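> Coordinates in my_file.cif, mmCIF, C-alpha atoms, are listed below.
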data_my_file
#
loop_
_atom_site.label_atom_id
_atom_site.label_comp_id
_atom_site.auth_asym_id
_atom_site.auth_seq_id
_atom_site.Cartn_x
_atom_site.Cartn_y
_atom_site.Cartn_z
CA MET A 1 88.53 70.84 73.92
CA CYS A 2 87.33 72.04 77.32
CA GLN A 3 86.80 75.78 77.58
CA HIS A 4 87.01 77.82 80.78
CA LEU A 5 84.44 80.58 80.46
CA CYS A 6 85.53 83.20 82.97
CA THR A 7 83.02 83.86 85.74
CA ASP A 8 85.64 84.42 88.43
CA CYS A 9 84.95 88.07 89.22
CA PRO A 10 81.53 89.63 89.92
CA ARG A 11 81.21 90.71 86.26
CA LYS A 12 80.85 87.05 85.24
CA CYS A 13 81.37 88.02 81.60
CA GLY A 14 81.69 84.39 80.51
CA ILE A 15 84.55 84.96 78.07
CA ASP A 16 87.01 82.23 77.13
CA ARG A 17 90.13 84.19 77.99
CA SER A 18 92.36 81.67 76.23
CA GLN A 19 90.86 82.99 72.99
CA SER A 20 89.80 86.55 73.77
CA VAL A 21 89.75 89.13 76.57
CA GLY A 22 87.21 89.58 79.31
CA PHE A 23 85.59 92.72 80.71
CA CYS A 24 88.91 93.23 82.50
CA GLY A 25 90.59 93.69 79.11
CA GLN A 26 92.97 90.79 79.66
CA SER A 27 93.53 87.28 78.38
CA GLU A 28 94.43 84.47 80.75
CA ASN A 29 98.13 85.34 80.44
CA PHE A 30 99.80 87.63 82.97
CA ARG A 31 100.39 91.17 81.78
CA ILE A 32 102.15 93.71 83.97
CA ALA A 33 102.87 97.40 83.51
CA ARG A 34 105.45 98.01 86.20
CA ALA A 35 107.54 96.07 88.69
CA ALA A 36 109.66 98.16 91.03
CA PRO A 37 110.13 99.36 94.62
CA HIS A 38 107.38 101.84 95.50
CA TYR A 39 107.70 104.32 98.35
CA TRP A 40 104.26 105.95 98.57
CA GLU A 41 102.08 103.32 100.17
CA GLU A 42 101.16 103.48 103.84
CA PRO A 43 104.32 103.90 105.98
CA ALA A 44 103.95 100.42 107.48
CA ILE A 45 103.84 98.97 103.95
CA SER A 46 106.53 101.03 102.18
CA GLY A 47 108.92 101.47 105.10
CA GLN A 48 112.34 102.81 104.12
CA ASN A 49 113.20 100.34 101.38
CA GLY A 50 109.91 100.45 99.54
CA SER A 51 107.17 97.99 98.71
CA GLY A 52 107.89 95.61 95.84
CA THR A 53 104.95 96.56 93.65
CA ILE A 54 103.84 94.60 90.62
CA PHE A 55 101.15 96.49 88.70
CA PHE A 56 98.95 94.15 86.69
CA SER A 57 97.39 95.42 83.48
CA GLY A 58 93.61 95.51 83.19
CA CYS A 59 90.86 95.91 85.77
CA ASN A 60 87.37 94.54 86.33
CA LEU A 61 86.00 97.77 87.81
CA ARG A 62 86.77 100.71 85.46
CA CYS A 63 86.18 103.73 87.70
CA ILE A 64 85.68 106.87 85.62
CA PHE A 65 88.14 108.78 87.84
CA CYS A 66 90.83 106.07 87.79
CA GLN A 67 94.33 107.51 88.14
CA ASN A 68 95.84 104.37 86.63
CA ALA A 69 93.56 104.18 83.60
CA GLU A 70 96.61 103.90 81.37
CA ILE A 71 97.05 100.33 82.57
CA ALA A 72 93.51 99.61 83.77
CA ALA A 73 91.85 100.23 80.41
CA ASP A 74 94.39 101.30 77.79
CA GLY A 75 96.33 98.06 77.50
CA VAL A 76 99.77 99.27 78.61
CA GLY A 77 101.94 96.41 79.81
CA ALA A 78 104.11 93.47 78.87
CA GLU A 79 103.10 89.83 78.88
CA VAL A 80 105.10 87.67 81.29
CA SER A 81 105.17 83.95 81.95
CA PRO A 82 104.50 82.48 85.40
CA ALA A 83 108.20 81.63 85.67
CA LEU A 84 109.24 85.20 84.88
CA LEU A 85 106.69 86.59 87.33
CA LEU A 86 108.14 84.38 90.06
CA ASP A 87 111.64 85.54 89.13
CA ILE A 88 110.52 89.18 89.36
CA MET A 89 109.21 88.59 92.88
CA LEU A 90 112.48 87.02 93.97
CA ARG A 91 114.52 89.79 92.33
CA LEU A 92 112.48 92.43 94.14
CA GLN A 93 113.10 90.62 97.41
CA ASP A 94 116.84 90.63 96.63
CA LYS A 95 116.67 94.41 96.29
CA GLY A 96 115.55 94.66 99.92
CA VAL A 97 111.88 95.59 99.53
CA HIS A 98 109.71 94.89 102.56
CA ASN A 99 106.98 92.94 100.77
CA ILE A 100 105.63 91.88 97.37
CA ASN A 101 102.69 94.14 96.57
CA LEU A 102 100.32 92.74 93.91
CA VAL A 103 98.39 95.73 92.56
CA THR A 104 95.03 95.16 90.82
CA PRO A 105 95.51 91.38 90.72
CA THR A 106 91.85 90.31 90.96
CA HIS A 107 91.37 89.20 87.35
CA PHE A 108 94.48 87.01 87.59
CA THR A 109 93.61 85.39 90.94
CA ARG A 110 93.26 81.85 89.62
CA GLN A 111 96.54 82.09 87.70
CA LEU A 112 98.38 83.63 90.65
CA VAL A 113 97.65 80.82 93.09
CA PRO A 114 100.25 78.36 91.71
CA VAL A 115 102.83 81.16 91.36
CA LEU A 116 102.38 82.16 95.01
CA GLU A 117 102.52 78.52 96.07
CA GLN A 118 105.80 78.12 94.20
CA ALA A 119 107.14 81.37 95.66
CA LYS A 120 106.69 80.00 99.17
CA VAL A 121 109.01 77.08 98.37
CA SER A 122 111.45 79.07 96.22
CA GLY A 123 112.82 81.33 98.93
CA LEU A 124 110.29 84.17 99.09
CA THR A 125 110.07 85.06 102.78
CA ILE A 126 108.66 88.61 102.80
CA PRO A 127 104.90 89.21 103.10
CA ILE A 128 102.58 89.08 100.11
CA VAL A 129 100.27 92.12 99.84
CA TRP A 130 96.99 91.84 97.90
CA ASN A 131 96.22 95.40 96.77
CA SER A 132 92.75 95.41 95.23
CA SER A 133 89.51 97.29 94.69
CA ALA A 134 87.60 94.69 96.78
CA TYR A 135 85.35 94.09 93.78
CA GLU A 136 86.10 90.40 93.85
CA SER A 137 84.41 87.13 94.69
CA ALA A 138 84.75 85.93 98.27
CA GLU A 139 84.76 82.39 96.88
CA LEU A 140 87.80 83.13 94.73
CA LEU A 141 89.53 84.91 97.60
CA ARG A 142 89.34 81.67 99.57
CA MET A 143 91.87 80.24 97.11
CA LEU A 144 94.38 82.72 98.56
CA ASP A 145 94.01 81.54 102.15
CA GLY A 146 97.52 80.87 103.46
CA LEU A 147 99.17 82.58 100.49
CA VAL A 148 98.43 86.27 101.19
CA ASP A 149 99.68 87.92 104.38
CA ILE A 150 98.34 91.45 104.04
CA TYR A 151 95.15 92.60 102.35
CA LEU A 152 95.11 96.22 101.18
CA PRO A 153 91.63 96.67 99.71
CA ASP A 154 89.70 99.76 98.76
CA PHE A 155 86.23 100.30 100.16
CA LYS A 156 84.98 102.85 97.68
CA TYR A 157 81.23 103.23 98.14
CA LEU A 158 78.35 102.28 100.37
CA ARG A 159 75.64 103.56 98.02
CA GLU A 160 74.63 101.58 94.95
CA GLU A 161 73.84 104.71 92.95
CA THR A 162 77.36 106.08 93.44
CA ALA A 163 78.94 102.74 92.56
CA LYS A 164 76.85 102.52 89.40
CA ALA A 165 77.59 106.09 88.31
CA TYR A 166 81.34 106.03 88.95
CA SER A 167 82.33 102.37 88.53
CA HIS A 168 79.51 100.84 86.47
CA ALA A 169 79.00 98.37 89.32
CA ALA A 170 75.84 98.91 91.36
CA ASP A 171 76.59 95.74 93.30
CA TYR A 172 79.95 97.05 94.52
CA PRO A 173 78.82 97.65 98.14
CA THR A 174 77.44 94.13 98.50
CA VAL A 175 80.44 92.51 96.83
CA ALA A 176 83.01 94.55 98.77
CA LYS A 177 81.35 93.75 102.11
CA ALA A 178 81.59 90.02 101.44
CA ALA A 179 85.15 90.29 100.12
CA LEU A 180 86.31 92.27 103.15
CA ALA A 181 84.71 89.77 105.52
CA GLU A 182 86.66 86.96 103.84
CA MET A 183 89.91 88.93 104.03
CA VAL A 184 89.53 89.58 107.75
CA ASN A 185 88.57 85.95 108.32
CA GLN A 186 91.81 84.82 106.66
CA VAL A 187 94.43 87.08 108.20
CA GLY A 188 92.86 88.62 111.31
CA ALA A 189 93.74 91.92 112.95
CA PRO A 190 96.78 93.93 111.82
CA GLN A 191 100.13 92.77 113.17
CA PHE A 192 103.39 94.73 113.09
CA ASN A 193 107.05 94.00 113.54
CA PRO A 194 107.86 95.60 116.93
CA ASP A 195 111.36 96.53 115.81
CA THR A 196 110.59 98.10 112.43
CA GLY A 197 106.91 99.05 112.67
CA LEU A 198 106.29 97.28 109.38
CA MET A 199 103.00 95.49 108.86
CA THR A 200 103.42 91.72 108.71
CA ARG A 201 99.82 90.52 108.59
CA GLY A 202 96.25 91.80 108.59
CA VAL A 203 93.91 94.09 106.65
CA GLN A 204 94.37 97.80 105.93
CA VAL A 205 91.27 99.24 104.25
CA ARG A 206 91.58 102.30 102.05
CA HIS A 207 88.78 104.80 101.53
CA LEU A 208 89.27 107.62 99.06
CA VAL A 209 87.23 110.71 99.90
CA LEU A 210 85.59 112.01 96.72
CA PRO A 211 84.58 115.63 96.08
CA GLY A 212 80.98 116.22 97.04
CA HIS A 213 80.69 112.85 98.80
CA ALA A 214 81.74 113.59 102.38
CA GLN A 215 78.46 112.23 103.72
CA GLU A 216 78.94 108.90 101.96
CA SER A 217 82.50 108.78 103.31
CA ARG A 218 81.09 109.15 106.81
CA GLU A 219 78.69 106.28 106.09
CA VAL A 220 81.57 104.10 104.89
CA LEU A 221 83.60 104.83 108.03
CA TRP A 222 80.62 104.07 110.26
CA TYR A 223 80.12 100.73 108.51
CA LEU A 224 83.78 99.76 108.74
CA HIS A 225 84.14 100.76 112.39
CA ASN A 226 80.79 99.35 113.51
CA THR A 227 81.49 96.04 111.76
CA TYR A 228 85.19 95.50 112.43
CA GLY A 229 86.39 97.91 115.10
CA SER A 230 90.12 97.40 115.69
CA SER A 231 90.19 94.23 113.55
CA ILE A 232 91.17 96.36 110.55
CA GLY A 233 93.29 99.41 109.90
CA ILE A 234 91.76 102.27 107.94
CA SER A 235 93.40 104.76 105.58
CA ILE A 236 91.30 107.88 104.96
CA MET A 237 92.73 109.14 101.69
CA ASN A 238 92.79 112.72 100.41
CA GLN A 239 94.61 112.22 97.12
CA TYR A 240 91.74 112.40 94.65
CA THR A 241 93.13 113.95 91.47
CA PRO A 242 90.76 115.36 88.81
CA LEU A 243 91.82 114.26 85.35
CA PRO A 244 90.87 115.54 81.89
CA ARG A 245 88.20 112.88 81.35
CA THR A 246 86.26 114.12 84.43
CA LYS A 247 86.35 117.80 83.44
CA ASP A 248 82.62 117.87 82.59
CA ASP A 249 81.48 116.32 85.87
CA ALA A 250 80.35 118.98 88.34
CA LEU A 251 81.90 117.16 91.31
CA LEU A 252 84.72 115.03 89.94
CA SER A 253 86.21 117.96 88.02
CA ARG A 254 87.50 119.48 91.28
CA ARG A 255 89.58 118.42 94.24
CA VAL A 256 88.28 117.58 97.68
CA THR A 257 88.12 120.77 99.70
CA PRO A 258 89.93 121.04 103.05
CA HIS A 259 86.54 121.46 104.74
CA GLU A 260 85.18 118.24 103.20
CA TYR A 261 88.18 116.21 104.31
CA GLU A 262 88.20 117.73 107.78
CA THR A 263 84.52 116.89 108.31
CA VAL A 264 85.27 113.26 107.47
CA LEU A 265 88.21 113.18 109.88
CA ARG A 266 86.17 114.79 112.66
CA TYR A 267 83.46 112.21 112.19
CA ALA A 268 85.98 109.38 112.37
CA GLU A 269 87.17 110.76 115.70
CA GLN A 270 83.61 111.19 116.97
CA ILE A 271 82.67 107.56 116.36
CA GLY A 272 85.80 106.30 118.06
CA ILE A 273 88.12 105.36 115.21
CA THR A 274 91.61 105.44 116.69
CA ASN A 275 93.62 103.43 114.16
CA ALA A 276 93.12 105.53 111.03
CA LEU A 277 95.87 106.85 108.80
CA ILE A 278 95.26 110.28 107.28
CA GLN A 279 96.86 112.35 104.55
CA GLU A 280 97.84 115.86 105.49
CA GLY A 281 98.58 118.80 103.22
CA GLU A 282 98.59 118.61 99.43
CA ALA A 283 98.25 114.88 98.90
CA ALA A 284 96.41 115.12 95.59
CA LEU A 285 99.35 115.55 93.26
CA GLU A 286 99.93 113.83 89.94
CA SER A 287 103.34 112.80 91.28
CA PHE A 288 101.48 110.09 93.21
CA ILE A 289 100.75 108.42 89.87
CA PRO A 290 103.73 106.23 88.95
CA PRO A 291 104.94 106.12 85.35
CA PHE A 292 103.68 103.20 83.29
CA SER A 293 105.79 102.49 80.25
CA GLY A 294 104.99 98.86 79.65
CA GLU A 295 108.54 97.97 80.63
CA LEU A 296 109.53 95.88 83.61
CA ILE A 297 111.31 98.49 85.70
CA LEU A 298 113.69 96.98 88.21
CA PRO A 299 116.13 99.78 89.11
#
Kindly present the structure from the file in structure tokens form.

Amino acid sequence: MCQHLCTDCPRKCGIDRSQSVGFCGQSENFRIARAAPHYWEEPAISGQNGSGTIFFSGCNLRCIFCQNAEIAADGVGAEVSPALLLDIMLRLQDKGVHNINLVTPTHFTRQLVPVLEQAKVSGLTIPIVWNSSAYESAELLRMLDGLVDIYLPDFKYLREETAKAYSHAADYPTVAKAALAEMVNQVGAPQFNPDTGLMTRGVQVRHLVLPGHAQESREVLWYLHNTYGSSIGISIMNQYTPLPRTKDDALLSRRVTPHEYETVLRYAEQIGITNALIQEGEAALESFIPPFSGELILP
């Protein structure tokens, strides 16, 4: 019997996921924690009717400040077949959502390819959004060429020491750079529907400002702007939420201060970033964390 030892993601843990679970905490079978319209993505993604989000269980990154740790590491979710996953996508489309938003899908990339191929011939006409941490192999991302319309990746860190301390992945900056380059190569600069303002194609990069790390945020923005200019959109996020498990960390136990966030925004303006989305006011609220019950929620 031929075994597939999983080396798809940068962890390359070499586990036979047909028999056990990988670093991501998942077998080779789809497991999802929530499927429902979601209204709190970027305005051009959520629009008025919401983004059809499908939250996959498990994660190959494991950030210590993860707001979705309940599904990323704690195993919440329900196993679904490829046929049921396809049906969920079509049902979300029937509810009027603007896109199908695959959240934390990296560790299921190989399994998702045939589902997305089938979706294209089964009546799915709205854009597919790939919502990931960017800690993924550029080689594997090439399998998605022609299947994904919008990439919505994080770009968390530019310093190896920060990536190692917070995500146990010192190679994150190198991996994310290569992944982002592949994403931009596939879908090009952001495109929008002129009538609705909704994003139809392109890359929107998210950067979460962390407490005590404003300087690294400035370095990230410089890299993104210097490398890609207007070929990507950028979301400068101010919704970091300290959780109980970070209470003993001197920095992560607090919120980002208004001064920290403002310095990052001023820097973005100084270097000529004109296409950034920002979060004003009290964005860091636990209400931004959707409920995960392990049920397939399709209201």
> Measure the distance from atom CA of Glu262 of chain A to atom CA of Ala214 of chain A in Å and round it to one decimal.
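Interatomic distance, atom CA of Glu262 of chain A to atom CA of Ala214 of chain A: 9.4 Å.
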> Go through the shown structure with the PyMOL selection byres ((chain A and resi 150) around 9) and write out the matching residues as a PyMOL selection string.
chain A and resi 127-131+148-149+151-152+183+187+190+199-204
> Since I can't run it myself right now, could you work out what the PyMOL selection byres ((chain A and resi 234) around 10) selects here and report it as a count of residues only?
26
> Kindly indicate which residue among A:Pro43, A:Pro82, A:Gly146, A:Pro10 lies nearest to Thr106 of chain A, using only C-alpha atoms for the distances.
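The closest residue to Thr106 of chain A is A:Pro10.
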> Please provide as a PyMOL selection string all residues within 12 Å of Pro37 of chain A, with the sequence filter that same-chain residues fewer than 5 positions apart are discarded (counting only C-alpha atoms).
chain A and resi 45-55+88-89+91-102+290+296-299
> Choose the residue, out of A:Thr7, A:Ser167, A:Asn68, A:Gln26, that has the smallest atom-to-atom separation from Ser137 of chain A; count all atoms listed in the file.
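Ranking A:Thr7, A:Ser167, A:Asn68, A:Gln26 by distance to Ser137 of chain A, first place goes to A:Thr7.
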> Can you tell me how far atom CA of Tyr39 of chain A sits from atom CA of Arg266 of chain A, in Å to one decimal?
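It comes out at 27.9 Å.
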> If we count all atoms listed in the file, what is near Pro242 of chain A at a cut-off of 9 Å, once residues fewer than 5 positions away on the same chain are taken out, given as a PyMOL selection string?
chain A and resi 65+67+247+252-255+284
> If the PyMOL selection byres ((chain A and resi 144) around 9) is run on the structure shown, which residues does it catch, given as a PyMOL selection string?
chain A and resi 109+112-113+116+140-143+145-148+186
> May I have the residues from that selection written out with C-alpha atoms, as a CSV table (one decimal), in the frame of the given file?

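Result file follows (out.csv):
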chain,number,residue,atom,x,y,z
A,109,THR,CA,93.6,85.4,90.9
A,112,LEU,CA,98.4,83.6,90.6
A,113,VAL,CA,97.6,80.8,93.1
A,116,LEU,CA,102.4,82.2,95.0
A,140,LEU,CA,87.8,83.1,94.7
A,141,LEU,CA,89.5,84.9,97.6
A,142,ARG,CA,89.3,81.7,99.6
A,143,MET,CA,91.9,80.2,97.1
A,145,ASP,CA,94.0,81.5,102.2
A,146,GLY,CA,97.5,80.9,103.5
A,147,LEU,CA,99.2,82.6,100.5
A,148,VAL,CA,98.4,86.3,101.2
A,186,GLN,CA,91.8,84.8,106.7
> In Å to one decimal, how far is atom CA of Leu210 of chain A from atom CA of Tyr172 of chain A?
16.1 Å
> For a quick check of understanding, using all atoms listed in the file, which of A:Tyr166, A:Tyr228, A:Phe192, A:Tyr240 has the smallest distance to Ile64 of chain A?
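Looking at the shortest contact to Ile64 of chain A, the residue is A:Tyr166.
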> Rank A:Leu61, A:Tyr223, A:Ala35, A:Ala268 by their smallest atom-to-atom distance to Ala165 of chain A, using only C-alpha atoms, and report the top residue only.
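Among the listed residues, A:Leu61 lies closest to Ala165 of chain A.
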> Work out where the centre of an axis-aligned box around every listed atom of segment 184-190 of chain A lies and how long its edges are once 3 Å is added on each side; give both in Å to one decimal as lines of an AutoDock Vina configuration file.

center_x = 92.7
center_y = 89.4
center_z = 109.8
size_x = 14.2
size_y = 15.1
size_z = 12.3
> Rank nothing, just name the residue among A:Ala178, A:Leu86, A:Ile71, A:Leu158 nearest to Gly123 of chain A, using all atoms listed in the file.
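Ranked by minimum distance to Gly123 of chain A, first place goes to A:Leu86.
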> Here is a test: counting only C-alpha atoms, which residue of A:Ile32, A:Glu182, A:Asn226, A:His259 is nearest to Gly272 of chain A?
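So, comparing all the options, the nearest one is A:Asn226.
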> Could segment 125-148 of chain A be completed with N, CA and C atoms and returned as a PDB file, in the frame of the given file?

ATOM      1  N   THR A 125     110.371  85.049 101.349  1.00  0.00           N
ATOM      2  CA  THR A 125     110.070  85.060 102.780  1.00  0.00           C
ATOM      3  C   THR A 125     109.355  86.324 103.242  1.00  0.00           C
ATOM      4  N   ILE A 126     109.327  87.363 102.403  1.00  0.00           N
ATOM      5  CA  ILE A 126     108.660  88.610 102.800  1.00  0.00           C
ATOM      6  C   ILE A 126     107.157  88.487 102.555  1.00  0.00           C
ATOM      7  N   PRO A 127     106.350  89.323 103.232  1.00  0.00           N
ATOM      8  CA  PRO A 127     104.900  89.210 103.100  1.00  0.00           C
ATOM      9  C   PRO A 127     104.405  89.478 101.680  1.00  0.00           C
ATOM     10  N   ILE A 128     103.298  88.821 101.350  1.00  0.00           N
ATOM     11  CA  ILE A 128     102.580  89.080 100.110  1.00  0.00           C
ATOM     12  C   ILE A 128     101.419  90.023 100.421  1.00  0.00           C
ATOM     13  N   VAL A 129     101.342  91.128  99.678  1.00  0.00           N
ATOM     14  CA  VAL A 129     100.270  92.120  99.840  1.00  0.00           C
ATOM     15  C   VAL A 129      99.319  92.004  98.652  1.00  0.00           C
ATOM     16  N   TRP A 130      98.026  91.900  98.944  1.00  0.00           N
ATOM     17  CA  TRP A 130      96.990  91.840  97.900  1.00  0.00           C
ATOM     18  C   TRP A 130      96.297  93.197  97.874  1.00  0.00           C
ATOM     19  N   ASN A 131      96.627  93.997  96.856  1.00  0.00           N
ATOM     20  CA  ASN A 131      96.220  95.400  96.770  1.00  0.00           C
ATOM     21  C   ASN A 131      95.126  95.516  95.719  1.00  0.00           C
ATOM     22  N   SER A 132      93.868  95.556  96.174  1.00  0.00           N
ATOM     23  CA  SER A 132      92.750  95.410  95.230  1.00  0.00           C
ATOM     24  C   SER A 132      91.645  96.418  95.486  1.00  0.00           C
ATOM     25  N   SER A 133      90.684  96.420  94.575  1.00  0.00           N
ATOM     26  CA  SER A 133      89.510  97.290  94.690  1.00  0.00           C
ATOM     27  C   SER A 133      88.444  96.716  95.602  1.00  0.00           C
ATOM     28  N   ALA A 134      88.600  95.447  96.007  1.00  0.00           N
ATOM     29  CA  ALA A 134      87.600  94.690  96.780  1.00  0.00           C
ATOM     30  C   ALA A 134      86.394  94.295  95.952  1.00  0.00           C
ATOM     31  N   TYR A 135      86.441  94.566  94.641  1.00  0.00           N
ATOM     32  CA  TYR A 135      85.350  94.090  93.780  1.00  0.00           C
ATOM     33  C   TYR A 135      85.764  92.718  93.268  1.00  0.00           C
ATOM     34  N   GLU A 136      85.644  91.741  94.153  1.00  0.00           N
ATOM     35  CA  GLU A 136      86.100  90.400  93.850  1.00  0.00           C
ATOM     36  C   GLU A 136      85.289  89.386  94.641  1.00  0.00           C
ATOM     37  N   SER A 137      85.209  88.200  94.104  1.00  0.00           N
ATOM     38  CA  SER A 137      84.410  87.130  94.690  1.00  0.00           C
ATOM     39  C   SER A 137      85.043  86.604  95.973  1.00  0.00           C
ATOM     40  N   ALA A 138      84.249  86.512  97.026  1.00  0.00           N
ATOM     41  CA  ALA A 138      84.750  85.930  98.270  1.00  0.00           C
ATOM     42  C   ALA A 138      85.143  84.479  98.047  1.00  0.00           C
ATOM     43  N   GLU A 139      84.432  83.784  97.184  1.00  0.00           N
ATOM     44  CA  GLU A 139      84.760  82.390  96.880  1.00  0.00           C
ATOM     45  C   GLU A 139      86.152  82.271  96.273  1.00  0.00           C
ATOM     46  N   LEU A 140      86.475  83.181  95.347  1.00  0.00           N
ATOM     47  CA  LEU A 140      87.800  83.130  94.730  1.00  0.00           C
ATOM     48  C   LEU A 140      88.883  83.537  95.724  1.00  0.00           C
ATOM     49  N   LEU A 141      88.565  84.493  96.587  1.00  0.00           N
ATOM     50  CA  LEU A 141      89.530  84.910  97.600  1.00  0.00           C
ATOM     51  C   LEU A 141      89.924  83.753  98.517  1.00  0.00           C
ATOM     52  N   ARG A 142      89.022  82.805  98.704  1.00  0.00           N
ATOM     53  CA  ARG A 142      89.340  81.670  99.570  1.00  0.00           C
ATOM     54  C   ARG A 142      90.492  80.847  99.014  1.00  0.00           C
ATOM     55  N   MET A 143      90.738  80.942  97.711  1.00  0.00           N
ATOM     56  CA  MET A 143      91.870  80.240  97.110  1.00  0.00           C
ATOM     57  C   MET A 143      93.198  80.822  97.593  1.00  0.00           C
ATOM     58  N   LEU A 144      93.169  82.044  98.120  1.00  0.00           N
ATOM     59  CA  LEU A 144      94.380  82.720  98.560  1.00  0.00           C
ATOM     60  C   LEU A 144      94.698  82.492 100.033  1.00  0.00           C
ATOM     61  N   ASP A 145      93.823  81.775 100.721  1.00  0.00           N
ATOM     62  CA  ASP A 145      94.010  81.540 102.150  1.00  0.00           C
ATOM     63  C   ASP A 145      95.346  80.827 102.380  1.00  0.00           C
ATOM     64  N   GLY A 146      96.198  81.422 103.191  1.00  0.00           N
ATOM     65  CA  GLY A 146      97.520  80.870 103.460  1.00  0.00           C
ATOM     66  C   GLY A 146      98.598  81.362 102.520  1.00  0.00           C
ATOM     67  N   LEU A 147      98.199  82.075 101.471  1.00  0.00           N
ATOM     68  CA  LEU A 147      99.170  82.580 100.490  1.00  0.00           C
ATOM     69  C   LEU A 147      99.379  84.082 100.616  1.00  0.00           C
ATOM     70  N   VAL A 148      98.357  84.809 101.039  1.00  0.00           N
ATOM     71  CA  VAL A 148      98.430  86.270 101.190  1.00  0.00           C
ATOM     72  C   VAL A 148      98.545  86.605 102.673  1.00  0.00           C
TER      73      VAL A 148
END
